[in-house]
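Structure file coords28.cif with mmCIF, C-alpha atoms:
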```cif
data_protein
#
loop_
_atom_site.label_atom_id
_atom_site.label_comp_id
_atom_site.auth_asym_id
_atom_site.auth_seq_id
_atom_site.Cartn_x
_atom_site.Cartn_y
_atom_site.Cartn_z
CA MET J 1 -2.62 -11.30 8.70
CA LEU J 2 -1.13 -7.81 8.47
CA VAL J 3 2.63 -7.40 8.04
CA GLN J 4 3.82 -4.10 9.50
CA HIS J 5 7.21 -2.68 8.51
CA THR J 6 7.44 0.59 10.49
CA TRP J 7 5.80 2.08 13.56
CA GLU J 8 4.48 5.09 11.65
CA ASP J 9 2.58 3.00 9.10
CA PRO J 10 0.12 0.84 11.06
CA HIS J 11 -3.00 -0.85 9.70
CA GLY J 12 -5.08 2.22 10.54
CA TYR J 13 -8.33 2.37 8.58
CA LEU J 14 -7.93 -1.23 7.37
CA GLY J 15 -8.09 -2.41 10.98
CA THR J 16 -11.27 -0.38 11.45
CA LEU J 17 -12.85 -2.07 8.42
CA LEU J 18 -11.77 -5.56 9.55
CA GLU J 19 -13.28 -4.94 12.97
CA HIS J 20 -16.47 -3.57 11.40
CA HIS J 21 -16.91 -6.89 9.60
CA GLY J 22 -16.01 -8.94 12.69
CA ILE J 23 -12.85 -10.36 11.08
CA ASP J 24 -10.06 -11.38 13.47
CA TYR J 25 -6.52 -10.57 12.42
CA ASP J 26 -2.92 -10.78 13.59
CA VAL J 27 -0.33 -8.04 13.16
CA VAL J 28 3.26 -9.21 12.64
CA GLN J 29 6.19 -6.81 13.02
CA ALA J 30 8.41 -7.81 10.10
CA GLU J 31 11.62 -6.35 11.51
CA ASN J 32 11.72 -8.34 14.73
CA THR J 33 9.14 -11.15 14.54
CA PRO J 34 9.42 -14.38 12.51
CA LEU J 35 6.76 -14.53 9.82
CA PRO J 36 4.27 -17.33 10.57
CA ASP J 37 3.07 -20.09 8.26
CA PRO J 38 0.96 -18.18 5.71
CA THR J 39 -1.28 -21.19 5.06
CA ALA J 40 -2.85 -20.54 8.47
CA TYR J 41 -4.39 -17.32 7.13
CA ALA J 42 -7.14 -16.46 4.67
CA ALA J 43 -5.16 -13.47 3.36
CA VAL J 44 -1.95 -11.49 3.78
CA ILE J 45 -1.82 -7.69 3.76
CA ALA J 46 1.66 -6.15 3.67
CA LEU J 47 1.87 -2.51 4.71
CA GLY J 48 4.24 0.25 3.68
CA GLY J 49 7.49 1.50 5.15
CA SER J 50 10.52 3.65 4.53
CA GLN J 51 12.74 0.67 3.71
CA HIS J 52 14.02 0.08 0.19
CA VAL J 53 13.34 -3.32 -1.39
CA TYR J 54 16.75 -3.28 -3.06
CA ALA J 55 18.72 -2.51 0.15
CA ASP J 56 19.10 -6.09 1.38
CA ALA J 57 22.28 -5.35 3.32
CA GLU J 58 20.54 -2.60 5.29
CA TYR J 59 17.33 -4.57 5.87
CA PRO J 60 18.29 -8.26 5.95
CA TYR J 61 14.88 -9.28 7.28
CA LEU J 62 13.40 -8.27 3.92
CA ILE J 63 15.35 -11.14 2.34
CA GLN J 64 13.45 -13.58 4.54
CA GLU J 65 10.18 -11.82 3.80
CA LYS J 66 10.76 -12.20 0.06
CA ILE J 67 11.32 -15.95 0.47
CA TRP J 68 8.17 -16.12 2.60
CA LEU J 69 6.23 -14.12 0.00
CA GLN J 70 7.15 -16.67 -2.67
CA GLN J 71 5.34 -19.26 -0.53
CA VAL J 72 2.30 -16.99 -0.24
CA ILE J 73 2.15 -16.69 -4.03
CA SER J 74 2.75 -20.40 -4.71
CA GLN J 75 0.01 -21.36 -2.24
CA ASP J 76 -2.43 -18.95 -3.98
CA ILE J 77 -3.09 -17.11 -0.70
CA PRO J 78 -4.73 -13.73 -1.40
CA TYR J 79 -2.13 -10.98 -1.00
CA LEU J 80 -2.51 -7.20 -0.93
CA GLY J 81 0.78 -5.31 -0.93
CA ILE J 82 0.63 -1.60 -0.10
CA CYS J 83 3.49 0.71 -1.21
CA LEU J 84 6.52 -1.20 0.16
CA GLY J 85 4.37 -4.35 0.21
CA GLY J 86 3.51 -3.81 -3.46
CA GLN J 87 7.14 -3.19 -4.36
CA MET J 88 8.05 -6.44 -2.55
CA LEU J 89 5.53 -8.35 -4.66
CA ALA J 90 6.87 -6.84 -7.88
CA ASP J 91 10.45 -7.65 -6.85
CA VAL J 92 9.69 -11.28 -6.01
CA LEU J 93 7.98 -11.67 -9.39
CA GLY J 94 10.98 -10.26 -11.28
CA GLY J 95 9.98 -6.61 -11.60
CA LYS J 96 12.94 -4.47 -10.60
CA ALA J 97 12.34 -2.04 -7.73
CA ARG J 98 14.44 1.12 -7.98
CA GLN J 99 14.61 4.76 -6.98
CA HIS J 100 12.08 6.91 -8.82
CA ILE J 101 13.04 10.12 -10.61
CA LEU J 102 10.79 12.01 -8.18
CA THR J 103 9.25 11.73 -4.73
CA GLU J 104 5.44 11.76 -4.56
CA ILE J 105 3.76 12.88 -1.34
CA GLY J 106 0.12 13.84 -0.95
CA PHE J 107 -3.32 13.14 -2.39
CA PHE J 108 -3.41 12.03 -6.01
CA ASP J 109 -5.79 10.37 -8.47
CA VAL J 110 -4.66 7.19 -10.20
CA GLN J 111 -6.38 6.17 -13.40
CA LEU J 112 -7.77 2.66 -13.84
CA THR J 113 -6.67 0.85 -16.98
CA PRO J 114 -9.29 -1.03 -19.03
CA GLN J 115 -8.15 -4.17 -17.18
CA GLY J 116 -8.47 -2.36 -13.85
CA GLN J 117 -12.02 -1.30 -14.66
CA GLN J 118 -12.86 -4.99 -15.16
CA ASP J 119 -10.97 -6.31 -12.12
CA PRO J 120 -13.00 -7.32 -9.04
CA LEU J 121 -10.64 -5.33 -6.79
CA PHE J 122 -11.90 -2.07 -8.29
CA ALA J 123 -15.60 -2.91 -8.63
CA GLY J 124 -17.60 0.20 -7.77
CA ILE J 125 -14.70 2.61 -8.44
CA THR J 126 -15.23 4.45 -11.70
CA HIS J 127 -12.22 5.40 -13.82
CA SER J 128 -9.97 6.75 -11.03
CA GLN J 129 -9.15 6.24 -7.35
CA LYS J 130 -8.23 8.92 -4.82
CA VAL J 131 -5.03 7.75 -3.11
CA PHE J 132 -2.28 9.04 -0.84
CA HIS J 133 1.33 8.80 -1.94
CA TRP J 134 4.53 8.86 0.02
CA HIS J 135 7.19 7.06 -1.97
CA GLU J 136 10.52 7.71 -3.64
CA ASP J 137 10.82 4.27 -5.27
CA THR J 138 8.99 2.59 -8.13
CA PHE J 139 9.12 -0.78 -9.88
CA ASP J 140 8.93 -2.41 -13.28
CA LEU J 141 5.77 -4.35 -14.02
CA PRO J 142 6.55 -8.08 -13.64
CA ALA J 143 6.13 -10.34 -16.65
CA GLU J 144 2.66 -11.93 -16.70
CA ALA J 145 1.33 -9.27 -14.33
CA MET J 146 -1.66 -7.18 -15.37
CA LEU J 147 -1.49 -3.39 -14.95
CA LEU J 148 -4.65 -2.15 -13.21
CA ALA J 149 -3.93 1.51 -12.42
CA THR J 150 -1.52 4.14 -13.69
CA SER J 151 -0.70 7.85 -13.48
CA THR J 152 1.31 10.45 -15.34
CA ASN J 153 4.09 10.55 -12.74
CA THR J 154 4.30 6.83 -12.00
CA GLU J 155 3.29 4.36 -14.67
CA ASN J 156 2.87 1.28 -12.46
CA GLN J 157 0.39 2.12 -9.70
CA ALA J 158 -1.52 -1.16 -9.23
CA PHE J 159 -1.22 -4.65 -10.66
CA ARG J 160 -2.46 -8.19 -10.26
CA TYR J 161 -0.51 -11.40 -10.66
CA GLY J 162 -2.38 -14.66 -11.01
CA ARG J 163 -5.78 -14.90 -9.37
CA CYS J 164 -5.35 -12.92 -6.18
CA SER J 165 -1.90 -11.34 -5.69
CA TYR J 166 -2.25 -7.55 -5.80
CA GLY J 167 0.37 -4.81 -5.53
CA LEU J 168 -0.40 -1.13 -4.97
CA GLN J 169 2.19 1.65 -5.19
CA TYR J 170 0.00 3.90 -3.05
CA HIS J 171 -1.36 3.99 0.49
CA ILE J 172 -4.94 3.05 1.36
CA GLU J 173 -4.47 2.41 5.09
CA LEU J 174 -4.53 5.95 6.46
CA ASP J 175 -6.99 6.98 9.12
CA SER J 176 -6.99 10.47 10.63
CA ASP J 177 -4.54 9.52 13.38
CA THR J 178 -2.02 8.07 10.93
CA LEU J 179 -2.30 11.06 8.61
CA ASN J 180 -1.78 13.37 11.60
CA THR J 181 1.40 11.46 12.42
CA TRP J 182 2.65 11.78 8.86
CA LEU J 183 1.88 15.50 8.66
CA TYR J 184 2.72 16.66 12.18
CA HIS J 185 5.29 14.34 13.78
CA PRO J 186 8.31 16.68 13.82
CA SER J 187 10.67 14.44 11.83
CA MET J 188 8.04 13.54 9.23
CA LYS J 189 6.82 17.13 8.81
CA GLU J 190 10.42 18.23 8.37
CA SER J 191 10.98 15.50 5.79
CA ILE J 192 7.96 16.53 3.71
CA ILE J 193 8.94 20.21 3.76
CA GLU J 194 12.52 19.36 2.88
CA VAL J 195 11.40 17.36 -0.17
CA LEU J 196 8.42 19.38 -1.40
CA GLY J 197 8.83 22.83 0.14
CA LEU J 198 6.53 24.60 2.59
CA PRO J 199 3.86 25.73 0.06
CA ALA J 200 3.33 22.14 -1.16
CA TYR J 201 3.14 20.90 2.44
CA GLN J 202 0.50 23.53 3.23
CA ALA J 203 -1.39 22.55 0.06
CA ILE J 204 -1.67 18.96 1.37
CA GLU J 205 -3.08 20.33 4.64
CA GLN J 206 -5.61 22.43 2.75
CA GLU J 207 -6.62 19.61 0.42
CA ARG J 208 -7.19 17.19 3.29
CA GLU J 209 -10.71 18.34 4.19
CA LYS J 210 -12.02 17.76 0.66
CA ALA J 211 -9.89 14.80 -0.40
CA PHE J 212 -9.80 12.63 2.72
CA PRO J 213 -13.50 11.59 2.73
CA ILE J 214 -13.24 10.55 -0.94
CA TYR J 215 -9.97 8.76 -0.18
CA GLN J 216 -11.58 6.75 2.62
CA GLN J 217 -14.66 5.98 0.53
CA HIS J 218 -12.44 4.56 -2.22
CA THR J 219 -10.36 2.65 0.33
CA LYS J 220 -13.50 1.11 1.82
CA THR J 221 -14.71 0.00 -1.61
CA LEU J 222 -11.37 -1.48 -2.66
CA PHE J 223 -10.64 -3.19 0.65
CA GLU J 224 -14.11 -4.71 0.94
CA ASN J 225 -13.69 -5.97 -2.62
CA PHE J 226 -10.43 -7.61 -1.53
CA LEU J 227 -12.18 -9.18 1.47
CA GLY J 228 -14.77 -10.53 -0.95
CA ILE J 229 -12.03 -12.01 -3.15
CA CYS J 230 -10.74 -13.70 0.01
CA ASN J 231 -14.26 -15.02 0.77
CA LEU J 232 -14.12 -13.25 4.12
CA ILE J 233 -17.27 -11.26 3.36
CA HIS J 234 -20.08 -11.92 0.92
#
```
Starting from the coordinates I provided, produce the structure as structure tokens.
Amino acid sequence: MLVQHTWEDPHGYLGTLLEHHGIDYDVVQAENTPLPDPTAYAAVIALGGSQHVYADAEYPYLIQEKIWLQQVISQDIPYLGICLGGQMLADVLGGKARQHILTEIGFFDVQLTPQGQQDPLFAGITHSQKVFHWHEDTFDLPAEAMLLATSTNTENQAFRYGRCSYGLQYHIELDSDTLNTWLYHPSMKESIIEVLGLPAYQAIEQEREKAFPIYQQHTKTLFENFLGICNLIH
């Protein structure tokens, strides 16, 4: 099951990979659809969004999602939280989500920790992963969680809790259509330029041709590893 939080952040490339492997999936719109019994699913993937984990009054449905996520964890259902989804996991486990000192947008490399290099989620990815960031929040690493990836700007980039609950601060779901939306939808383009400035926006455009194939290769490796952890592929 995929939990979608905003229209502009769909399952994208992850849906392509699920279909490639012949895996059926449901997409649940968190804002206006009750979350179903998670025990009916082999895995839960929670996508990103512009919401803030700590703004319960503004996004009351996130309160219900946090309660639901506690059930996912207690039932040992494989979970992959992406950006907002990763922050939600950290929050539920006691790691405080908060506004970061900077906003990261664009292609970046995150470095695998020694634990990350040994974790099955990152098998086949050597030392670093090419990712795409768009976030202005971060989180504290929950107690008993294992840090798997880090970077200079944002210490907590990926972590695992227990056997199969994973949180990522970064985006892995982008296909070309989604990236086009993020870069060229008028409101989103304006937002990037307002935060980063026009030269940095143009640098993302220029980097795309070289970085995007590596980004998707790393996404494919990581996501297929996750599907293997879920016993959905072998």
Result set of the PyMOL selection byres ((chain J and resi 10) around 9) on the coordinates above, as a count of residues only: 15
- request: Return as a VMD selection string the set of residues that the PyMOL selection byres ((chain J and resi 94) around 9) yields on the displayed structure.
  value: chain J and resid 89 to 93 95 to 96 140 to 143
message: I need the residue nearest Lys130 (chain J) from this list: J:Gln206, J:Gln118, J:Gln217, J:Thr33. Use all atoms listed in the file for the distance.
response: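 Once distances to Lys130 (chain J) are computed over all atoms listed in the file, the minimum belongs to J:Gln217.
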List every residue of region 169-202 of chain J that has an atom at most 10 Å from any atom of region 97-103 of chain J, giving for each one its closest atom pair and the distance in Å to one decimal, counting only C-alpha atoms, sorted by chain and then by ascending residue number, as CSV.
```
residue,atom,partner,partner_atom,distance
J:Ile192,CA,J:Thr103,CA,9.8
J:Val195,CA,J:Thr103,CA,7.6
J:Leu196,CA,J:Thr103,CA,8.4
```
- request: Report the residues retrieved by the PyMOL selection byres ((chain J and resi 28) around 12) from the displayed file, expressed as number ranges by chain.
  value: J: 1-7, 10-11, 25-27, 29-38, 44-47, 65
- prompt: What does the distance between CA of Ile105 (chain J) and CA of Glu224 (chain J) come to in Å, to one decimal place?
  reply: 25.2 Å
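For Gly124 (chain J), the list of residues within 10 Å, based on only C-alpha atoms and with local chain neighbours fewer than 2 positions off taken out, reads Gln117, Pro120, Leu121, Phe122, Thr126, His127, His218, Thr221, Leu222 and Asn225 of chain J.
For the set J:Gly228, J:Gly49, J:Pro213, J:Pro186, the residue with the smallest atom-to-atom gap to Gly86 (chain J) is J:Gly49, counting all atoms listed in the file.
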statement: A straight line from CA of Ile67 (chain J) to CA of Gly81 (chain J) spans 15.0 Å
query: What residues have an atom no more than 12 Å from (-2.8, -9.5, -18.3) in the file's own frame, counting only C-alpha atoms, and can you write them as an MDAnalysis selection string?
result: chainID J and resid 113:116 118:119 141:148 159:163
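Between CA of Ala40 (chain J) and CA of Val72 (chain J) the interatomic distance comes to 10.7 Å.
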10 Å contact set for Gln51 (chain J), only C-alpha atoms, chain neighbours under 6 positions out, as a list in words: His5, Thr6, Glu58, Tyr59, Leu62, Leu84 and Asp137 of chain J
Rebuild N, CA and C atoms on region 47-70 of chain J, as a PDB file, in the frame of the given file?
```
ATOM      1  N   LEU J  47       1.957  -3.961   4.644  1.00  0.00           N
ATOM      2  CA  LEU J  47       1.870  -2.510   4.710  1.00  0.00           C
ATOM      3  C   LEU J  47       3.135  -1.845   4.180  1.00  0.00           C
ATOM      4  N   GLY J  48       3.130  -0.518   4.215  1.00  0.00           N
ATOM      5  CA  GLY J  48       4.240   0.250   3.680  1.00  0.00           C
ATOM      6  C   GLY J  48       5.361   0.427   4.686  1.00  0.00           C
ATOM      7  N   GLY J  49       6.347   1.223   4.294  1.00  0.00           N
ATOM      8  CA  GLY J  49       7.490   1.500   5.150  1.00  0.00           C
ATOM      9  C   GLY J  49       8.534   2.271   4.388  1.00  0.00           C
ATOM     10  N   SER J  50       9.482   2.828   5.135  1.00  0.00           N
ATOM     11  CA  SER J  50      10.520   3.650   4.530  1.00  0.00           C
ATOM     12  C   SER J  50      11.690   2.835   3.983  1.00  0.00           C
ATOM     13  N   GLN J  51      11.660   1.527   4.206  1.00  0.00           N
ATOM     14  CA  GLN J  51      12.740   0.670   3.710  1.00  0.00           C
ATOM     15  C   GLN J  51      12.742   0.633   2.180  1.00  0.00           C
ATOM     16  N   HIS J  52      13.892   0.248   1.632  1.00  0.00           N
ATOM     17  CA  HIS J  52      14.020   0.080   0.190  1.00  0.00           C
ATOM     18  C   HIS J  52      14.160  -1.414  -0.120  1.00  0.00           C
ATOM     19  N   VAL J  53      13.351  -1.894  -1.050  1.00  0.00           N
ATOM     20  CA  VAL J  53      13.340  -3.320  -1.390  1.00  0.00           C
ATOM     21  C   VAL J  53      14.725  -3.793  -1.825  1.00  0.00           C
ATOM     22  N   TYR J  54      15.466  -2.906  -2.475  1.00  0.00           N
ATOM     23  CA  TYR J  54      16.750  -3.280  -3.060  1.00  0.00           C
ATOM     24  C   TYR J  54      17.919  -3.141  -2.076  1.00  0.00           C
ATOM     25  N   ALA J  55      17.651  -2.719  -0.845  1.00  0.00           N
ATOM     26  CA  ALA J  55      18.720  -2.510   0.150  1.00  0.00           C
ATOM     27  C   ALA J  55      18.784  -3.699   1.106  1.00  0.00           C
ATOM     28  N   ASP J  56      19.092  -4.869   0.563  1.00  0.00           N
ATOM     29  CA  ASP J  56      19.100  -6.090   1.380  1.00  0.00           C
ATOM     30  C   ASP J  56      20.105  -6.016   2.526  1.00  0.00           C
ATOM     31  N   ALA J  57      21.253  -5.406   2.283  1.00  0.00           N
ATOM     32  CA  ALA J  57      22.280  -5.350   3.320  1.00  0.00           C
ATOM     33  C   ALA J  57      21.813  -4.508   4.514  1.00  0.00           C
ATOM     34  N   GLU J  58      21.034  -3.480   4.232  1.00  0.00           N
ATOM     35  CA  GLU J  58      20.540  -2.600   5.290  1.00  0.00           C
ATOM     36  C   GLU J  58      19.339  -3.195   6.011  1.00  0.00           C
ATOM     37  N   TYR J  59      18.549  -3.968   5.296  1.00  0.00           N
ATOM     38  CA  TYR J  59      17.330  -4.570   5.870  1.00  0.00           C
ATOM     39  C   TYR J  59      17.332  -6.072   5.592  1.00  0.00           C
ATOM     40  N   PRO J  60      18.171  -6.838   6.276  1.00  0.00           N
ATOM     41  CA  PRO J  60      18.290  -8.260   5.950  1.00  0.00           C
ATOM     42  C   PRO J  60      17.006  -9.050   6.163  1.00  0.00           C
ATOM     43  N   TYR J  61      16.141  -8.570   7.050  1.00  0.00           N
ATOM     44  CA  TYR J  61      14.880  -9.280   7.280  1.00  0.00           C
ATOM     45  C   TYR J  61      13.981  -9.251   6.045  1.00  0.00           C
ATOM     46  N   LEU J  62      14.195  -8.288   5.144  1.00  0.00           N
ATOM     47  CA  LEU J  62      13.400  -8.270   3.920  1.00  0.00           C
ATOM     48  C   LEU J  62      13.744  -9.447   3.016  1.00  0.00           C
ATOM     49  N   ILE J  63      14.979  -9.959   3.124  1.00  0.00           N
ATOM     50  CA  ILE J  63      15.350 -11.140   2.340  1.00  0.00           C
ATOM     51  C   ILE J  63      14.471 -12.316   2.743  1.00  0.00           C
ATOM     52  N   GLN J  64      14.299 -12.499   4.046  1.00  0.00           N
ATOM     53  CA  GLN J  64      13.450 -13.580   4.540  1.00  0.00           C
ATOM     54  C   GLN J  64      11.986 -13.357   4.152  1.00  0.00           C
ATOM     55  N   GLU J  65      11.565 -12.106   4.171  1.00  0.00           N
ATOM     56  CA  GLU J  65      10.180 -11.820   3.800  1.00  0.00           C
ATOM     57  C   GLU J  65       9.927 -12.126   2.323  1.00  0.00           C
ATOM     58  N   LYS J  66      10.921 -11.877   1.484  1.00  0.00           N
ATOM     59  CA  LYS J  66      10.760 -12.200   0.060  1.00  0.00           C
ATOM     60  C   LYS J  66      10.625 -13.709  -0.153  1.00  0.00           C
ATOM     61  N   ILE J  67      11.422 -14.485   0.563  1.00  0.00           N
ATOM     62  CA  ILE J  67      11.320 -15.950   0.470  1.00  0.00           C
ATOM     63  C   ILE J  67       9.941 -16.396   0.939  1.00  0.00           C
ATOM     64  N   TRP J  68       9.495 -15.813   2.035  1.00  0.00           N
ATOM     65  CA  TRP J  68       8.170 -16.120   2.600  1.00  0.00           C
ATOM     66  C   TRP J  68       7.061 -15.739   1.618  1.00  0.00           C
ATOM     67  N   LEU J  69       7.231 -14.593   0.960  1.00  0.00           N
ATOM     68  CA  LEU J  69       6.230 -14.120   0.000  1.00  0.00           C
ATOM     69  C   LEU J  69       6.116 -15.072  -1.192  1.00  0.00           C
ATOM     70  N   GLN J  70       7.215 -15.671  -1.590  1.00  0.00           N
ATOM     71  CA  GLN J  70       7.150 -16.670  -2.670  1.00  0.00           C
ATOM     72  C   GLN J  70       6.233 -17.827  -2.283  1.00  0.00           C
TER      73      GLN J  70
END
```
